[in-house]
Number of protein chains: 2
Amino acid sequence: MAKALRTKDKIIVTAEMLFAEHGFEQTSLRQITSEANVNLASVNYHFGSKKALIQAVMARYQAVFMPALAAQLQELAQRSERAGVTYRTADVLACVNAPLFALKQVRVDGPLIYLRLLGYAYSEIQGHLRRFTMTHYGDVVHQFFAMIQSANPNLCANTLFWRLHFSLGAMLFAQVSGQALREIAASDFGEDTHAEETLAKLLPFVAAGIAASDPQP
Amino acid sequence: MAKALRTKDKIIVTAEMLFAEHGFEQTSLRQITSEANVNLASVNYHFGSKKALIQAVMARYQAVFMPALAAQLQELAQRSERAGVTYRTADVLACVNAPLFALKQVRVDGPLIYLRLLGYAYSEIQGHLRRFTMTHYGDVVHQFFAMIQSANPNLCANTLFWRLHFSLGAMLFAQVSGQALREIAASDFGEDTHAEETLAKLLPFVAAGIAASDPQP
DNA sequence: CTCTATTTTAAACGGTCGTTTTATACACTG
DNA sequence: CAGTGTATAAAACGACCGTTTAAAATAGAG
């Protein structure tokens, strides 16, 4: 029993690392099992299928991230109401910072891993992840969207919908291509941007983009 | 000879359609050849390899898009110099509109195809496409970057580098996931955003994001 | 028409993939 | 200690992939 948990854990820890590095479809079960020093068949024994393994990997991070995000959003809403002021777009966006940082309790490089997993999940198995997220954490997502809306009362929901997904795309691209981009930036400008700084650079960008005035309302 | 060109053309026309729809790696040569009603081996005969076919597909669009973009950028620079005013970020970004529209001469839905190809090319074979683009059209890319820089003299090159790639990510994500997102938007808001409108919605977003003031200069 | 070079075709190759099967080793309970 | 249910192990399965081979068909030139 103790040994069994260790095998299952070795699989999931190795899998999320390789998934984050190369994507879900590019990572074979044979890579995972040989890297984790377990038998190939043990993946299907413990998880049922590769798709179920992917879900298990994502769920482990979502279970930490989503409730933390919900707490941050609620806190911001209450704080603003108490102070009698309305939060701004950047305030809502900043709510993702702490939940992301909390993923370090899953794994030391948890925040980076999660963002990269998200990127691959969205670009490879699109409907799949979205359905899972909305089923389990739909209320958090809706709360986030509602607060972005109330921070931008002059923009219509359709425009905000698209701008939020533009933002998501910007973040996912920066994470998935992050390593290559960081190398290019380092060789072009000498400046070495760390993975954590990428998010710090991203937030002002998407905050300004989302809050931009709409030329076609 | 006449028949030969028709076969080669049937392959490339079918390939770019399927590539744009499902991505490069998800599209097999057997799908392409059966859809195009040609023999499987004819791909390797006419193009040498699958990778070479991908390059041929991309090159056909880049050959139209890149020179047109260079012309637009040059025209904007000259027009601004003559008028004695400096162009703004949105002006530089708007330079991609006409070159994109020009892709209709390659194929009626050329603009959409090209953007989706770009998205997959960047997310699947990252170094590959970038190297090809920089080798053949490096000067155009550099001119574009230089003009974005001169439109934002208060922002450092490193910040602009990242913001441009955030913008690229936003566009690629919107295109690759465009179909799914459009369906969600339609069911959530009743509004049906067409593929062309997506780009119109994107430009104000990235223009504001790129030009945002930098909190950490 | 004949010959030659180009193109098309069918078939097979070697490889990787996720999954399943079957047998063996292990841990725990009664 | 025996027996039962769980976990590991090796091997094979069937499917699909990109590519290659070698023969058949088709062109155009002399």
# chains A, B, ... in the order shown; residues from 1 in each chain; ligands from 1
>>> residues_around(residues="Thr7 in chain B", least_positions_apart="6", cutoff="9 Å", atoms="only C-alpha atoms (C1' of nucleotides)", output="ChimeraX atom specification")
/B:36-38,42,46
>>> closest_atom_pairs(of="chain B", to="chain A", cutoff="8 Å", atoms="only C-alpha atoms", output="JSON lines")
{"residue": "B:Ser123", "atom": "CA", "partner": "A:Ser177", "partner_atom": "CA", "distance": 7.4}
{"residue": "B:Gln126", "atom": "CA", "partner": "A:Ser177", "partner_atom": "CA", "distance": 7.6}
{"residue": "B:Gly127", "atom": "CA", "partner": "A:Ala180", "partner_atom": "CA", "distance": 7.8}
{"residue": "B:Ala157", "atom": "CA", "partner": "A:Phe189", "partner_atom": "CA", "distance": 7.6}
{"residue": "B:Asn158", "atom": "CA", "partner": "A:Phe189", "partner_atom": "CA", "distance": 6.6}
{"residue": "B:Thr159", "atom": "CA", "partner": "A:Lys201", "partner_atom": "CA", "distance": 7.4}
{"residue": "B:Phe161", "atom": "CA", "partner": "A:Ala185", "partner_atom": "CA", "distance": 7.4}
{"residue": "B:Trp162", "atom": "CA", "partner": "A:Lys201", "partner_atom": "CA", "distance": 7.6}
{"residue": "B:Arg163", "atom": "CA", "partner": "A:Phe205", "partner_atom": "CA", "distance": 6.8}
{"residue": "B:His165", "atom": "CA", "partner": "A:Ala174", "partner_atom": "CA", "distance": 7.2}
{"residue": "B:Phe166", "atom": "CA", "partner": "A:Ala170", "partner_atom": "CA", "distance": 4.3}
{"residue": "B:Ser167", "atom": "CA", "partner": "A:Ala170", "partner_atom": "CA", "distance": 6.2}
{"residue": "B:Leu168", "atom": "CA", "partner": "A:Ala170", "partner_atom": "CA", "distance": 7.2}
{"residue": "B:Gly169", "atom": "CA", "partner": "A:Ala170", "partner_atom": "CA", "distance": 4.4}
{"residue": "B:Ala170", "atom": "CA", "partner": "A:Gly169", "partner_atom": "CA", "distance": 4.3}
{"residue": "B:Met171", "atom": "CA", "partner": "A:Phe166", "partner_atom": "CA", "distance": 6.9}
{"residue": "B:Leu172", "atom": "CA", "partner": "A:Gly169", "partner_atom": "CA", "distance": 7.3}
{"residue": "B:Phe173", "atom": "CA", "partner": "A:Gly169", "partner_atom": "CA", "distance": 4.8}
{"residue": "B:Ala174", "atom": "CA", "partner": "A:Phe166", "partner_atom": "CA", "distance": 6.4}
{"residue": "B:Val176", "atom": "CA", "partner": "A:Ser123", "partner_atom": "CA", "distance": 7.6}
{"residue": "B:Ser177", "atom": "CA", "partner": "A:Ser123", "partner_atom": "CA", "distance": 7.5}
{"residue": "B:Ala180", "atom": "CA", "partner": "A:Gly127", "partner_atom": "CA", "distance": 7.8}
{"residue": "B:Ala185", "atom": "CA", "partner": "A:Asn158", "partner_atom": "CA", "distance": 7.0}
{"residue": "B:Phe189", "atom": "CA", "partner": "A:Asn158", "partner_atom": "CA", "distance": 6.6}
{"residue": "B:Glu191", "atom": "CA", "partner": "A:Asn158", "partner_atom": "CA", "distance": 7.4}
{"residue": "B:Lys201", "atom": "CA", "partner": "A:Thr159", "partner_atom": "CA", "distance": 7.4}
{"residue": "B:Leu202", "atom": "CA", "partner": "A:Phe166", "partner_atom": "CA", "distance": 7.4}
{"residue": "B:Pro204", "atom": "CA", "partner": "A:Ala212", "partner_atom": "CA", "distance": 7.1}
{"residue": "B:Phe205", "atom": "CA", "partner": "A:Gly209", "partner_atom": "CA", "distance": 4.3}
{"residue": "B:Val206", "atom": "CA", "partner": "A:Gly209", "partner_atom": "CA", "distance": 5.9}
{"residue": "B:Ala207", "atom": "CA", "partner": "A:Gly209", "partner_atom": "CA", "distance": 7.3}
{"residue": "B:Ala208", "atom": "CA", "partner": "A:Gly209", "partner_atom": "CA", "distance": 4.9}
{"residue": "B:Gly209", "atom": "CA", "partner": "A:Phe205", "partner_atom": "CA", "distance": 4.3}
{"residue": "B:Ile210", "atom": "CA", "partner": "A:Phe205", "partner_atom": "CA", "distance": 6.4}
{"residue": "B:Ala212", "atom": "CA", "partner": "A:Ala208", "partner_atom": "CA", "distance": 6.0}
{"residue": "B:Asp214", "atom": "CA", "partner": "A:Pro204", "partner_atom": "CA", "distance": 7.5}
{"residue": "B:Pro215", "atom": "CA", "partner": "A:Pro204", "partner_atom": "CA", "distance": 7.8}
>>> interface_residues(of="chain D", to="chain A", cutoff="10 Å", atoms="only C-alpha atoms (C1' of nucleotides)", output="ChimeraX atom specification")
/D:6-10
>>> write_last_selection(atoms="N, CA and C atoms (P, O5', C5', C4', C3', O3' and C1' of nucleotides)", output="PDB file, in the first residue's frame")
ATOM      1  P    DT D   6      -8.585  -5.378  -4.029  1.00  0.00           P
ATOM      2  O5'  DT D   6      -7.166  -4.655  -4.149  1.00  0.00           O
ATOM      3  C5'  DT D   6      -6.425  -4.381  -2.969  1.00  0.00           C
ATOM      4  C4'  DT D   6      -4.944  -4.306  -3.301  1.00  0.00           C
ATOM      5  C3'  DT D   6      -4.603  -3.422  -4.509  1.00  0.00           C
ATOM      6  O3'  DT D   6      -3.644  -2.458  -4.111  1.00  0.00           O
ATOM      7  C1'  DT D   6      -3.486  -5.494  -4.638  1.00  0.00           C
ATOM      8  P    DA D   7      -3.277  -1.271  -5.070  1.00  0.00           P
ATOM      9  O5'  DA D   7      -1.856  -1.719  -5.647  1.00  0.00           O
ATOM     10  C5'  DA D   7      -0.783  -1.934  -4.739  1.00  0.00           C
ATOM     11  C4'  DA D   7       0.386  -2.564  -5.477  1.00  0.00           C
ATOM     12  C3'  DA D   7       0.873  -1.788  -6.708  1.00  0.00           C
ATOM     13  O3'  DA D   7       2.264  -1.538  -6.546  1.00  0.00           O
ATOM     14  C1'  DA D   7       0.567  -4.087  -7.232  1.00  0.00           C
ATOM     15  P    DT D   8       3.035  -0.653  -7.662  1.00  0.00           P
ATOM     16  O5'  DT D   8       3.774  -1.775  -8.501  1.00  0.00           O
ATOM     17  C5'  DT D   8       4.876  -2.449  -7.926  1.00  0.00           C
ATOM     18  C4'  DT D   8       5.300  -3.575  -8.839  1.00  0.00           C
ATOM     19  C3'  DT D   8       5.970  -3.148 -10.152  1.00  0.00           C
ATOM     20  O3'  DT D   8       7.279  -3.668 -10.173  1.00  0.00           O
ATOM     21  C1'  DT D   8       4.352  -4.849 -10.530  1.00  0.00           C
ATOM     22  P    DA D   9       8.361  -3.104 -11.214  1.00  0.00           P
ATOM     23  O5'  DA D   9       8.364  -4.231 -12.328  1.00  0.00           O
ATOM     24  C5'  DA D   9       8.553  -5.582 -11.938  1.00  0.00           C
ATOM     25  C4'  DA D   9       8.168  -6.498 -13.072  1.00  0.00           C
ATOM     26  C3'  DA D   9       8.603  -5.981 -14.448  1.00  0.00           C
ATOM     27  O3'  DA D   9       9.766  -6.693 -14.859  1.00  0.00           O
ATOM     28  C1'  DA D   9       6.365  -6.890 -14.461  1.00  0.00           C
ATOM     29  P    DA D  10      10.612  -6.211 -16.104  1.00  0.00           P
ATOM     30  O5'  DA D  10      10.039  -7.161 -17.258  1.00  0.00           O
ATOM     31  C5'  DA D  10       9.852  -8.529 -16.977  1.00  0.00           C
ATOM     32  C4'  DA D  10       9.102  -9.203 -18.123  1.00  0.00           C
ATOM     33  C3'  DA D  10       9.599  -8.805 -19.521  1.00  0.00           C
ATOM     34  O3'  DA D  10       9.719  -9.983 -20.302  1.00  0.00           O
ATOM     35  C1'  DA D  10       7.267  -8.423 -19.342  1.00  0.00           C
TER      36       DA D  10
END
>>> select_by_dssp(residues="chain B", states="helix (DSSP H, G or I)", output="ChimeraX atom specification")
/B:2-22,29-36,41-47,50-83,89-94,97-105,110-124,126-151,157-176,178-189,195-211
>>> atom_distance(atom1="CA of Phe144 in chain A", atom2="CA of Gln105 in chain A")
23.4 Å
>>> interface_residues(of="chain A", to="chain C", cutoff="9 Å", atoms="only C-alpha atoms (C1' of nucleotides)", output="PyMOL selection string")
chain A and resi 1+28-29+41+44+49-50
>>> residues_around(residues="Glu21 in chain B", least_positions_apart="2", cutoff="10 Å", atoms="only C-alpha atoms (C1' of nucleotides)", output="MDAnalysis selection string")
chainID B and resid 15:19 23:24 26:27 113 116:117 120 176 179
>>> write_last_selection(atoms="all heavy atoms", output="CSV table (one decimal), in the first residue's frame")
chain,number,residue,atom,x,y,z
B,15,ALA,N,-3.5,20.6,-48.2
B,15,ALA,CA,-2.7,20.5,-47.0
B,15,ALA,C,-2.9,21.8,-46.2
B,15,ALA,O,-3.1,21.7,-44.9
B,15,ALA,CB,-1.2,20.4,-47.4
B,16,GLU,N,-2.9,23.0,-46.8
B,16,GLU,CA,-3.0,24.2,-46.0
B,16,GLU,C,-4.3,24.3,-45.4
B,16,GLU,O,-4.5,24.8,-44.2
B,16,GLU,CB,-2.6,25.4,-46.9
B,16,GLU,CG,-3.6,25.7,-48.0
B,16,GLU,CD,-3.1,26.7,-48.9
B,16,GLU,OE1,-1.8,26.9,-49.0
B,16,GLU,OE2,-3.9,27.4,-49.6
B,17,MET,N,-5.3,23.7,-46.0
B,17,MET,CA,-6.7,23.8,-45.4
B,17,MET,C,-6.7,22.9,-44.1
B,17,MET,O,-7.2,23.3,-43.1
B,17,MET,CB,-7.7,23.3,-46.4
B,17,MET,CG,-9.1,23.3,-46.0
B,17,MET,SD,-10.2,22.5,-47.2
B,17,MET,CE,-9.8,20.8,-46.9
B,18,LEU,N,-6.2,21.7,-44.3
B,18,LEU,CA,-6.2,20.7,-43.1
B,18,LEU,C,-5.2,21.2,-42.0
B,18,LEU,O,-5.5,21.1,-40.8
B,18,LEU,CB,-5.8,19.3,-43.6
B,18,LEU,CG,-6.9,18.7,-44.5
B,18,LEU,CD1,-6.4,17.3,-45.0
B,18,LEU,CD2,-8.2,18.5,-43.7
B,19,PHE,N,-4.1,21.7,-42.4
B,19,PHE,CA,-3.1,22.3,-41.4
B,19,PHE,C,-3.8,23.4,-40.6
B,19,PHE,O,-3.7,23.4,-39.4
B,19,PHE,CB,-1.9,22.8,-42.1
B,19,PHE,CG,-0.9,21.8,-42.6
B,19,PHE,CD1,-0.1,22.0,-43.7
B,19,PHE,CD2,-0.9,20.5,-42.0
B,19,PHE,CE1,0.8,21.0,-44.1
B,19,PHE,CE2,0.0,19.5,-42.4
B,19,PHE,CZ,0.9,19.8,-43.4
B,23,GLY,N,-3.9,21.8,-37.2
B,23,GLY,CA,-2.5,21.9,-36.9
B,23,GLY,C,-1.6,21.0,-37.7
B,23,GLY,O,-2.1,20.1,-38.4
B,24,PHE,N,-0.4,21.2,-37.7
B,24,PHE,CA,0.6,20.5,-38.5
B,24,PHE,C,0.8,19.0,-38.1
B,24,PHE,O,0.7,18.1,-38.9
B,24,PHE,CB,1.9,21.2,-38.5
B,24,PHE,CG,1.9,22.6,-39.2
B,24,PHE,CD1,2.0,23.7,-38.4
B,24,PHE,CD2,1.7,22.7,-40.5
B,24,PHE,CE1,1.9,25.0,-38.9
B,24,PHE,CE2,1.6,24.0,-41.1
B,24,PHE,CZ,1.7,25.1,-40.3
B,26,GLN,N,-1.0,17.3,-36.1
B,26,GLN,CA,-2.3,16.5,-36.0
B,26,GLN,C,-2.8,16.1,-37.3
B,26,GLN,O,-3.7,15.3,-37.4
B,26,GLN,CB,-3.4,17.3,-35.3
B,26,GLN,CG,-3.0,17.7,-33.9
B,26,GLN,CD,-2.9,16.6,-32.9
B,26,GLN,OE1,-3.5,15.5,-33.1
B,26,GLN,NE2,-2.0,16.7,-31.9
B,27,THR,N,-2.2,16.6,-38.4
B,27,THR,CA,-2.7,16.3,-39.7
B,27,THR,C,-1.7,15.3,-40.4
B,27,THR,O,-0.5,15.6,-40.5
B,27,THR,CB,-2.7,17.6,-40.6
B,27,THR,OG1,-3.6,18.5,-40.0
B,27,THR,CG2,-3.3,17.2,-42.0
B,113,ILE,N,-6.7,31.5,-43.0
B,113,ILE,CA,-5.8,30.4,-43.1
B,113,ILE,C,-4.4,30.7,-42.6
B,113,ILE,O,-3.8,30.0,-41.8
B,113,ILE,CB,-5.7,29.9,-44.6
B,113,ILE,CG1,-7.1,29.4,-45.1
B,113,ILE,CG2,-4.7,28.8,-44.7
B,113,ILE,CD1,-7.4,27.9,-44.8
B,116,ARG,N,-4.1,31.2,-38.8
B,116,ARG,CA,-4.2,29.9,-38.1
B,116,ARG,C,-2.9,29.1,-38.3
B,116,ARG,O,-2.4,28.5,-37.4
B,116,ARG,CB,-5.4,29.1,-38.6
B,116,ARG,CG,-6.7,29.9,-38.4
B,116,ARG,CD,-7.9,29.0,-38.4
B,116,ARG,NE,-7.9,28.2,-37.3
B,116,ARG,CZ,-8.9,27.3,-37.0
B,116,ARG,NH1,-9.9,27.2,-37.7
B,116,ARG,NH2,-8.8,26.6,-35.9
B,117,LEU,N,-2.4,29.1,-39.5
B,117,LEU,CA,-1.1,28.5,-39.8
B,117,LEU,C,0.0,29.0,-38.9
B,117,LEU,O,0.7,28.3,-38.2
B,117,LEU,CB,-0.7,28.6,-41.2
B,117,LEU,CG,-1.6,27.9,-42.3
B,117,LEU,CD1,-1.1,28.2,-43.7
B,117,LEU,CD2,-1.5,26.4,-42.0
B,120,TYR,N,-0.4,27.7,-35.3
B,120,TYR,CA,0.1,26.4,-35.1
B,120,TYR,C,1.6,26.3,-35.3
B,120,TYR,O,2.3,25.6,-34.6
B,120,TYR,CB,-0.6,25.4,-36.1
B,120,TYR,CG,-2.0,25.1,-35.7
B,120,TYR,CD1,-3.1,25.4,-36.5
B,120,TYR,CD2,-2.3,24.4,-34.5
B,120,TYR,CE1,-4.4,25.1,-36.1
B,120,TYR,CE2,-3.6,24.1,-34.1
B,120,TYR,CZ,-4.6,24.5,-35.0
B,120,TYR,OH,-5.9,24.2,-34.6
B,176,VAL,N,-6.4,30.3,-33.3
B,176,VAL,CA,-6.4,28.9,-33.2
B,176,VAL,C,-7.7,28.4,-32.5
B,176,VAL,O,-8.3,27.4,-32.8
B,176,VAL,CB,-5.1,28.4,-32.5
B,176,VAL,CG1,-5.3,26.9,-32.1
B,176,VAL,CG2,-3.9,28.6,-33.4
B,179,GLN,N,-12.7,29.4,-33.5
B,179,GLN,CA,-14.0,28.8,-33.8
B,179,GLN,C,-14.7,28.4,-32.5
B,179,GLN,O,-15.9,28.8,-32.3
B,179,GLN,CB,-13.7,27.5,-34.6
B,179,GLN,CG,-15.0,26.7,-34.9
B,179,GLN,CD,-16.0,27.6,-35.7
B,179,GLN,OE1,-15.6,28.5,-36.4
B,179,GLN,NE2,-17.3,27.2,-35.6
>>> atom_distance(atom1="CA of Cys95 in chain A", atom2="CA of Pro111 in chain A")
14.2 Å
>>> atom_distance(atom1="CA of Met147 in chain B", atom2="CA of Val92 in chain B")
6.9 Å
>>> residues_around(residues="Val96 in chain B", least_positions_apart="5", cutoff="9 Å", atoms="only C-alpha atoms (C1' of nucleotides)", output="JSON, numbers by chain")
{"B": [65, 68, 69, 72, 73, 101]}
